[in-house]
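Novice: My structure is in upload.cif, and what it holds is mmCIF, C-alpha atoms:
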data_final
loop_
_atom_site.group_PDB
_atom_site.id
_atom_site.type_symbol
_atom_site.label_atom_id
_atom_site.label_comp_id
_atom_site.auth_asym_id
_atom_site.auth_seq_id
_atom_site.Cartn_x
_atom_site.Cartn_y
_atom_site.Cartn_z
ATOM 1 C CA MET P 210 71.196 139.735 90.440
ATOM 2 C CA PRO P 211 73.895 137.143 91.309
ATOM 3 C CA ALA P 212 73.288 133.498 90.449
ATOM 4 C CA ARG P 213 72.004 131.627 93.515
ATOM 5 C CA GLU P 214 72.839 128.182 94.699
ATOM 6 C CA GLY P 215 69.949 125.778 95.015
ATOM 7 C CA PRO P 216 66.405 125.757 93.615
ATOM 8 C CA ARG P 217 64.330 128.776 92.599
ATOM 9 C CA VAL P 218 61.845 130.005 95.186
ATOM 10 C CA ASN P 219 58.587 132.022 95.125
ATOM 11 C CA GLU P 220 58.860 135.010 92.709
ATOM 12 C CA GLU P 221 62.015 133.600 91.069
ATOM 13 C CA ILE P 222 59.897 130.910 89.389
ATOM 14 C CA ARG P 223 59.115 132.522 86.041
ATOM 15 C CA VAL P 224 57.164 129.913 84.116
ATOM 16 C CA PRO P 225 53.482 130.194 83.201
ATOM 17 C CA GLN P 226 52.455 126.838 84.751
ATOM 18 C CA VAL P 227 53.769 124.446 87.404
ATOM 19 C CA ARG P 228 52.830 120.987 88.652
ATOM 20 C CA LEU P 229 52.086 121.516 92.347
ATOM 21 C CA ILE P 230 52.626 119.238 95.321
ATOM 22 C CA ASP P 231 51.162 120.595 98.562
ATOM 23 C CA GLN P 232 52.759 120.652 102.026
ATOM 24 C CA ASN P 233 51.354 117.187 102.837
ATOM 25 C CA GLY P 234 53.057 115.682 99.783
ATOM 26 C CA GLU P 235 49.815 115.310 97.818
ATOM 27 C CA MET P 236 49.765 115.960 94.075
ATOM 28 C CA ILE P 237 47.471 118.894 93.280
ATOM 29 C CA GLY P 238 48.140 118.985 89.547
ATOM 30 C CA VAL P 239 49.020 121.630 86.970
ATOM 31 C CA LEU P 240 48.223 125.202 88.049
ATOM 32 C CA SER P 241 49.264 128.661 86.971
ATOM 33 C CA THR P 242 52.370 129.805 88.851
ATOM 34 C CA ARG P 243 50.391 132.697 90.399
ATOM 35 C CA GLU P 244 47.766 130.353 91.789
ATOM 36 C CA ALA P 245 50.455 128.054 93.203
ATOM 37 C CA LEU P 246 52.170 131.034 94.860
ATOM 38 C CA ILE P 247 48.883 132.178 96.423
ATOM 39 C CA ARG P 248 48.318 128.673 97.849
ATOM 40 C CA ALA P 249 51.846 128.634 99.299
ATOM 41 C CA TYR P 250 51.416 132.067 100.922
ATOM 42 C CA ASP P 251 48.030 131.048 102.347
ATOM 43 C CA ALA P 252 49.760 128.113 104.039
ATOM 44 C CA GLY P 253 52.462 130.504 105.313
ATOM 45 C CA LEU P 254 55.116 128.612 103.370
ATOM 46 C CA ASP P 255 57.264 128.975 100.237
ATOM 47 C CA LEU P 256 56.865 127.642 96.716
ATOM 48 C CA VAL P 257 60.087 125.747 95.882
ATOM 49 C CA GLU P 258 61.001 124.388 92.465
ATOM 50 C CA ILE P 259 61.906 120.725 93.011
ATOM 51 C CA SER P 260 62.606 119.537 89.470
ATOM 52 C CA PRO P 261 63.130 122.476 87.093
ATOM 53 C CA ASN P 262 63.745 120.312 84.002
ATOM 54 C CA ALA P 263 60.326 118.655 84.003
ATOM 55 C CA VAL P 264 57.562 120.006 81.749
ATOM 56 C CA PRO P 265 55.870 121.766 83.462
ATOM 57 C CA PRO P 266 58.378 122.184 86.351
ATOM 58 C CA VAL P 267 57.447 120.440 89.615
ATOM 59 C CA CYS P 268 57.037 122.774 92.599
ATOM 60 C CA LYS P 269 56.351 121.951 96.212
ATOM 61 C CA VAL P 270 54.853 123.991 99.040
ATOM 62 C CA LEU P 271 57.301 123.876 101.965
ATOM 63 C CA ASP P 272 59.354 125.912 104.422
ATOM 64 C CA TYR P 273 62.418 126.944 102.407
ATOM 65 C CA GLY P 274 64.632 127.539 105.445
ATOM 66 C CA LYS P 275 63.900 124.051 106.736
ATOM 67 C CA TYR P 276 64.446 122.582 103.251
ATOM 68 C CA LYS P 277 67.869 124.279 102.960
ATOM 69 C CA TYR P 278 68.803 122.983 106.417
ATOM 70 C CA GLU P 279 67.855 119.411 105.469
ATOM 71 C CA GLN P 280 69.889 119.617 102.238
ATOM 72 C CA GLN P 281 72.916 120.867 104.187
ATOM 73 C CA LYS P 282 72.559 118.029 106.695
ATOM 74 C CA LYS P 283 72.491 115.511 103.829
ATOM 75 C CA ALA P 284 75.608 117.036 102.265
ATOM 76 C CA ASN P 285 77.478 116.950 105.593
ATOM 77 C CA GLU P 286 76.458 113.332 106.135
ATOM 78 C CA ALA P 287 77.756 112.377 102.675
ATOM 79 C CA ARG P 288 81.021 114.184 103.352
ATOM 80 C CA LYS P 289 81.477 112.304 106.639
ATOM 81 C CA LYS P 290 81.078 108.944 104.930
ATOM 82 C CA GLN P 291 83.627 109.783 102.238
ATOM 83 C CA LYS P 292 87.090 108.259 102.743
ATOM 84 C CA THR P 293 90.153 110.012 101.406
ATOM 85 C CA VAL P 294 92.849 107.575 100.304
ATOM 86 C CA GLU P 295 96.103 108.432 101.997
ATOM 87 C CA ILE P 296 99.550 107.207 101.069
ATOM 88 C CA LYS P 297 101.267 105.724 104.104
ATOM 89 C CA GLU P 298 105.030 105.252 103.955
ATOM 90 C CA ILE P 299 106.904 102.299 105.400
ATOM 91 C CA LYS P 300 110.696 102.384 105.481
ATOM 92 C CA VAL P 301 112.753 99.188 105.411
ATOM 93 C CA ARG P 302 116.422 98.249 105.037
ATOM 94 C CA PRO P 303 117.955 95.518 102.836
ATOM 95 C CA ASN P 304 119.201 93.492 105.831
ATOM 96 C CA ILE P 305 116.014 93.827 107.906
ATOM 97 C CA ASP P 306 115.705 91.493 110.889
ATOM 98 C CA ASP P 307 112.839 88.946 110.954
ATOM 99 C CA HIS P 308 111.033 90.513 113.905
ATOM 100 C CA ASP P 309 111.326 94.035 112.462
ATOM 101 C CA TYR P 310 109.993 92.665 109.187
ATOM 102 C CA GLU P 311 106.981 91.119 110.958
ATOM 103 C CA VAL P 312 106.200 94.438 112.698
ATOM 104 C CA LYS P 313 106.352 96.329 109.379
ATOM 105 C CA MET P 314 104.139 93.697 107.714
ATOM 106 C CA LYS P 315 101.543 94.084 110.474
ATOM 107 C CA GLN P 316 101.513 97.865 109.902
ATOM 108 C CA MET P 317 101.179 97.444 106.132
ATOM 109 C CA LYS P 318 98.295 94.976 106.513
ATOM 110 C CA GLY P 319 96.566 97.478 108.787
ATOM 111 C CA PHE P 320 96.976 100.344 106.320
ATOM 112 C CA ILE P 321 95.771 98.261 103.383
ATOM 113 C CA GLY P 322 92.837 96.986 105.467
ATOM 114 C CA GLU P 323 91.775 100.604 106.007
ATOM 115 C CA GLY P 324 91.909 101.237 102.254
ATOM 116 C CA ASP P 325 95.103 103.320 102.218
ATOM 117 C CA LYS P 326 97.954 102.998 99.744
ATOM 118 C CA VAL P 327 101.373 101.993 101.042
ATOM 119 C CA LYS P 328 104.657 103.345 99.718
ATOM 120 C CA VAL P 329 107.477 100.996 100.651
ATOM 121 C CA THR P 330 110.839 102.770 100.722
ATOM 122 C CA LEU P 331 113.928 100.595 100.943
ATOM 123 C CA ARG P 332 116.988 102.617 101.815
ATOM 124 C CA PHE P 333 120.555 101.629 100.927
ATOM 125 C CA ARG P 334 123.466 102.936 102.995
ATOM 126 C CA GLY P 335 127.147 102.890 102.145
ATOM 127 C CA ARG P 336 128.279 99.727 100.387
ATOM 128 C CA GLU P 337 124.792 98.209 100.438
ATOM 129 C CA MET P 338 124.397 99.813 96.997
ATOM 130 C CA ALA P 339 126.556 97.006 95.622
ATOM 131 C CA HIS P 340 123.930 94.464 96.724
ATOM 132 C CA GLN P 341 120.710 95.809 95.224
ATOM 133 C CA ASP P 342 119.564 92.223 94.661
ATOM 134 C CA LEU P 343 119.134 91.870 98.457
ATOM 135 C CA GLY P 344 116.875 94.929 98.469
ATOM 136 C CA LEU P 345 114.836 93.552 95.600
ATOM 137 C CA LYS P 346 114.423 90.258 97.488
ATOM 138 C CA VAL P 347 112.988 92.116 100.506
ATOM 139 C CA LEU P 348 110.459 93.958 98.304
ATOM 140 C CA GLU P 349 109.513 90.711 96.527
ATOM 141 C CA ARG P 350 109.018 89.046 99.927
ATOM 142 C CA ILE P 351 106.698 91.884 101.004
ATOM 143 C CA ARG P 352 104.709 91.506 97.802
ATOM 144 C CA ALA P 353 104.466 87.733 98.178
ATOM 145 C CA ASP P 354 103.422 87.952 101.856
ATOM 146 C CA LEU P 355 100.643 90.452 101.149
ATOM 147 C CA GLY P 356 99.459 88.212 98.298
ATOM 148 C CA ASP P 357 95.982 88.846 96.849
ATOM 149 C CA THR P 358 95.050 91.675 99.230
ATOM 150 C CA ILE P 359 97.079 94.174 97.170
ATOM 151 C CA LYS P 360 97.870 95.246 93.656
ATOM 152 C CA VAL P 361 101.235 96.735 92.841
ATOM 153 C CA GLU P 362 100.645 100.261 91.610
ATOM 154 C CA GLN P 363 104.307 100.981 91.004
ATOM 155 C CA MET P 364 106.874 98.227 90.566
ATOM 156 C CA PRO P 365 110.109 98.536 92.580
ATOM 157 C CA ARG P 366 112.379 101.147 91.026
ATOM 158 C CA LEU P 367 115.626 102.731 92.081
ATOM 159 C CA GLU P 368 115.765 106.439 92.924
ATOM 160 C CA ASN P 369 119.191 107.613 94.116
ATOM 161 C CA ARG P 370 119.995 105.459 97.150
ATOM 162 C CA GLN P 371 116.513 104.047 97.653
ATOM 163 C CA MET P 372 114.146 101.584 96.029
ATOM 164 C CA ILE P 373 110.464 102.537 95.992
ATOM 165 C CA MET P 374 107.376 100.381 95.491
ATOM 166 C CA VAL P 375 103.749 101.561 95.792
ATOM 167 C CA LEU P 376 101.006 99.121 96.816
ATOM 168 C CA ALA P 377 97.245 99.695 96.716
ATOM 169 C CA PRO P 378 94.397 97.659 98.219
ATOM 170 C CA ARG P 379 92.546 95.387 95.787
#
Re-express the file's structure as structure tokens.
Specialist:
Amino acid sequence: MPAREGPRVNEEIRVPQVRLIDQNGEMIGVLSTREALIRAYDAGLDLVEISPNAVPPVCKVLDYGKYKYEQQKKANEARKKQKTVEIKEIKVRPNIDDHDYEVKMKQMKGFIGEGDKVKVTLRFRGREMAHQDLGLKVLERIRADLGDTIKVEQMPRLENRQMIMVLAPR
């Protein structure tokens, strides 16, 4: 028999005694598993093991199909609320114009506000490679302008013809 997901139900519960909770949520007490099963069948419901690690295990009389459905709904709800952190990339140039800089800053603030990481890529072309200090100044300015809202996850470093810095929300 393959291992099942979820709690044990009805005949799968193979312990001599269980602590029973009836369909109205009232504690019945410790019964033999057979007696608990008979009560569940009389109610037209299933006997479901709620906490298998307790001594004796706690079982509840309920509709197993409905219970499974509720659990699935809970899992879906939790998955909806979960946020995956994405890495957004912003590309800048060493001699970026003030207005362009402001637009990029606005985008970065938006990304960080949403809880995403930002990878700032500063690209050098042609003879700009001779003036890497200008590129570093732009990255420092970005870091200073974002201030306390971010932490630098990766300091600016040169890779081929581009400087890369990774920022994460605080």
Novice: Run the PyMOL selection byres ((chain P and resi 233) around 10) on the file and write out the hits as a PyMOL selection string.
Specialist: chain P and resi 230-232+234-236+269-271
Novice: Enumerate, in order of chain and increasing residue number, the residues of segment 215-327 of chain P with an atom no farther than 8 Å from segment 350-365 of chain P, each with its shortest atom pair and distance in Å to one decimal, counting only C-alpha atoms, as a tab-separated table.
Specialist:
residue	atom	partner	partner_atom	distance
P:Met314	CA	P:Ile351	CA	7.4
P:Lys318	CA	P:Leu355	CA	7.4
P:Ile321	CA	P:Ile359	CA	7.6
Novice: So which one's closest to Leu348 of chain P, P:Lys300, P:Phe320, P:Arg370, P:Lys282? Using only C-alpha atoms, please.
Specialist: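 That would be P:Lys300, the residue with the smallest distance to Leu348 of chain P.
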Novice: Could you state the separation of atom CA of Met372 of chain P and atom CA of Gly319 of chain P in Å, given to one decimal place?
Specialist: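 If I compute the distance from atom CA of Met372 of chain P to atom CA of Gly319 of chain P, I get 22.1 Å.
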Novice: Report as an MDAnalysis selection string the full result of the PyMOL selection byres ((chain P and resi 332-337) around 10) when it is applied to this structure.
Specialist: chainID P and resid 300:304 329:331 338:344 367:373
Novice: What is the atom CA of Val227 of chain P to atom CA of Gly215 of chain P distance in Å?
Specialist: 17.9 Å
Novice: How far is it from atom CA of Asp272 of chain P to atom CA of Pro225 of chain P, in Å with one decimal?
Specialist: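 Atom-to-atom, atom CA of Asp272 of chain P to atom CA of Pro225 of chain P, that is 22.4 Å.
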Novice: Just want the 12 Å neighbourhood of Gly324 of chain P, counted on all atoms listed in the file, with same-chain residues fewer than 6 positions away dropped. Output as a ChimeraX atom specification.
Specialist: /P:291-297,317-318,358-359,376-379
Novice: Starting from the displayed file, determine the output of the PyMOL selection byres ((chain P and resi 226) around 10) and express the residue list as a PDB file with C-alpha atoms, keeping the file's coordinate frame.
Specialist:
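The new file part_17.pdb reads:
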ATOM      1  CA  ILE P 222      59.897 130.910  89.389  1.00  0.00           C
ATOM      2  CA  ARG P 223      59.115 132.522  86.041  1.00  0.00           C
ATOM      3  CA  VAL P 224      57.164 129.913  84.116  1.00  0.00           C
ATOM      4  CA  PRO P 225      53.482 130.194  83.201  1.00  0.00           C
ATOM      5  CA  VAL P 227      53.769 124.446  87.404  1.00  0.00           C
ATOM      6  CA  ARG P 228      52.830 120.987  88.652  1.00  0.00           C
ATOM      7  CA  LEU P 229      52.086 121.516  92.347  1.00  0.00           C
ATOM      8  CA  VAL P 239      49.020 121.630  86.970  1.00  0.00           C
ATOM      9  CA  LEU P 240      48.223 125.202  88.049  1.00  0.00           C
ATOM     10  CA  SER P 241      49.264 128.661  86.971  1.00  0.00           C
ATOM     11  CA  THR P 242      52.370 129.805  88.851  1.00  0.00           C
ATOM     12  CA  ARG P 243      50.391 132.697  90.399  1.00  0.00           C
ATOM     13  CA  GLU P 244      47.766 130.353  91.789  1.00  0.00           C
ATOM     14  CA  ALA P 245      50.455 128.054  93.203  1.00  0.00           C
ATOM     15  CA  VAL P 264      57.562 120.006  81.749  1.00  0.00           C
ATOM     16  CA  PRO P 265      55.870 121.766  83.462  1.00  0.00           C
ATOM     17  CA  PRO P 266      58.378 122.184  86.351  1.00  0.00           C
ATOM     18  CA  VAL P 267      57.447 120.440  89.615  1.00  0.00           C
ATOM     19  CA  CYS P 268      57.037 122.774  92.599  1.00  0.00           C
TER      20      CYS P 268
END
Novice: Using all atoms listed in the file, can you tell me which of P:Ala263, P:Val257, P:Val347, P:Ile247 comes closest to Asn219 of chain P?
Specialist: P:Val257
Novice: Taking every listed atom of segment 234-249 of chain P and adding 6 Å to each side, what centre and edge lengths in Å (one decimal) does the axis-aligned box have, as AutoDock Vina command-line options?
Specialist:
--center_x 50.3 --center_y 124.0 --center_z 93.4 --size_x 17.6 --size_y 29.4 --size_z 24.8
Novice: Kindly add all heavy atoms to the incomplete segment 358-369 of chain P and provide the output as a CSV table (one decimal), in the coordinates of the input.
Specialist:
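Final file, rebuild_28.csv:
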chain,number,residue,atom,x,y,z
P,358,THR,N,95.7,90.5,98.6
P,358,THR,CA,95.0,91.7,99.2
P,358,THR,C,95.5,93.0,98.6
P,358,THR,O,94.8,94.0,98.7
P,358,THR,CB,95.4,91.8,100.7
P,358,THR,OG1,96.8,91.9,100.9
P,358,THR,CG2,94.8,90.6,101.5
P,359,ILE,N,96.6,92.9,97.8
P,359,ILE,CA,97.1,94.2,97.2
P,359,ILE,C,97.3,94.1,95.7
P,359,ILE,O,97.3,93.0,95.1
P,359,ILE,CB,98.5,94.6,97.8
P,359,ILE,CG1,99.4,93.4,97.7
P,359,ILE,CG2,98.3,95.0,99.2
P,359,ILE,CD1,100.7,93.7,97.0
P,360,LYS,N,97.4,95.2,95.0
P,360,LYS,CA,97.9,95.2,93.7
P,360,LYS,C,99.0,96.2,93.6
P,360,LYS,O,99.0,97.2,94.3
P,360,LYS,CB,96.8,95.6,92.7
P,360,LYS,CG,96.2,97.0,92.8
P,360,LYS,CD,95.2,97.3,91.6
P,360,LYS,CE,94.7,98.7,91.6
P,360,LYS,NZ,93.6,98.9,92.5
P,361,VAL,N,100.0,95.9,92.9
P,361,VAL,CA,101.2,96.7,92.8
P,361,VAL,C,101.0,97.9,91.9
P,361,VAL,O,100.7,97.7,90.7
P,361,VAL,CB,102.5,95.9,92.4
P,361,VAL,CG1,103.7,96.8,92.3
P,361,VAL,CG2,102.7,94.8,93.3
P,362,GLU,N,100.9,99.1,92.4
P,362,GLU,CA,100.6,100.3,91.6
P,362,GLU,C,101.9,100.8,90.9
P,362,GLU,O,101.8,101.4,89.9
P,362,GLU,CB,100.0,101.3,92.5
P,362,GLU,CG,99.2,102.3,91.7
P,362,GLU,CD,98.3,103.1,92.6
P,362,GLU,OE1,98.7,104.1,93.1
P,362,GLU,OE2,97.1,102.7,92.7
P,363,GLN,N,103.0,100.6,91.6
P,363,GLN,CA,104.3,101.0,91.0
P,363,GLN,C,105.3,99.9,91.4
P,363,GLN,O,105.6,99.7,92.5
P,363,GLN,CB,104.7,102.3,91.6
P,363,GLN,CG,106.0,102.9,91.0
P,363,GLN,CD,106.4,104.2,91.7
P,363,GLN,OE1,105.5,105.1,91.9
P,363,GLN,NE2,107.6,104.3,92.0
P,364,MET,N,105.9,99.3,90.3
P,364,MET,CA,106.9,98.2,90.6
P,364,MET,C,108.1,98.8,91.2
P,364,MET,O,108.4,100.0,91.1
P,364,MET,CB,107.3,97.6,89.2
P,364,MET,CG,106.1,96.8,88.6
P,364,MET,SD,105.5,95.5,89.7
P,364,MET,CE,106.5,94.1,89.3
P,365,PRO,N,108.9,98.0,91.9
P,365,PRO,CA,110.1,98.5,92.6
P,365,PRO,C,111.0,99.2,91.6
P,365,PRO,O,111.3,98.7,90.5
P,365,PRO,CB,110.8,97.3,93.1
P,365,PRO,CG,109.7,96.3,93.3
P,365,PRO,CD,108.7,96.6,92.2
P,366,ARG,N,111.4,100.5,91.9
P,366,ARG,CA,112.4,101.1,91.0
P,366,ARG,C,113.4,101.9,91.9
P,366,ARG,O,113.0,102.4,93.0
P,366,ARG,CB,111.7,102.0,90.0
P,366,ARG,CG,111.0,103.3,90.5
P,366,ARG,CD,110.8,104.2,89.4
P,366,ARG,NE,110.7,105.6,89.9
P,366,ARG,CZ,109.6,106.2,90.1
P,366,ARG,NH1,108.4,105.7,89.9
P,366,ARG,NH2,109.6,107.5,90.6
P,367,LEU,N,114.6,102.1,91.3
P,367,LEU,CA,115.6,102.7,92.1
P,367,LEU,C,115.6,104.2,91.9
P,367,LEU,O,115.5,104.7,90.7
P,367,LEU,CB,117.0,102.1,91.6
P,367,LEU,CG,118.2,102.4,92.5
P,367,LEU,CD1,118.0,101.7,93.8
P,367,LEU,CD2,119.4,101.9,91.8
P,368,GLU,N,115.6,105.0,93.0
P,368,GLU,CA,115.8,106.4,92.9
P,368,GLU,C,116.9,106.8,93.9
P,368,GLU,O,116.8,106.7,95.1
P,368,GLU,CB,114.5,107.1,93.4
P,368,GLU,CG,113.4,107.2,92.4
P,368,GLU,CD,112.2,107.9,92.9
P,368,GLU,OE1,112.3,108.7,93.9
P,368,GLU,OE2,111.1,107.7,92.3
P,369,ASN,N,118.0,107.3,93.3
P,369,ASN,CA,119.2,107.6,94.1
P,369,ASN,C,119.6,106.4,94.9
P,369,ASN,O,119.9,105.4,94.4
P,369,ASN,CB,119.0,108.8,95.0
P,369,ASN,CG,118.5,110.0,94.2
P,369,ASN,OD1,118.7,110.1,93.0
P,369,ASN,ND2,117.8,111.0,94.8
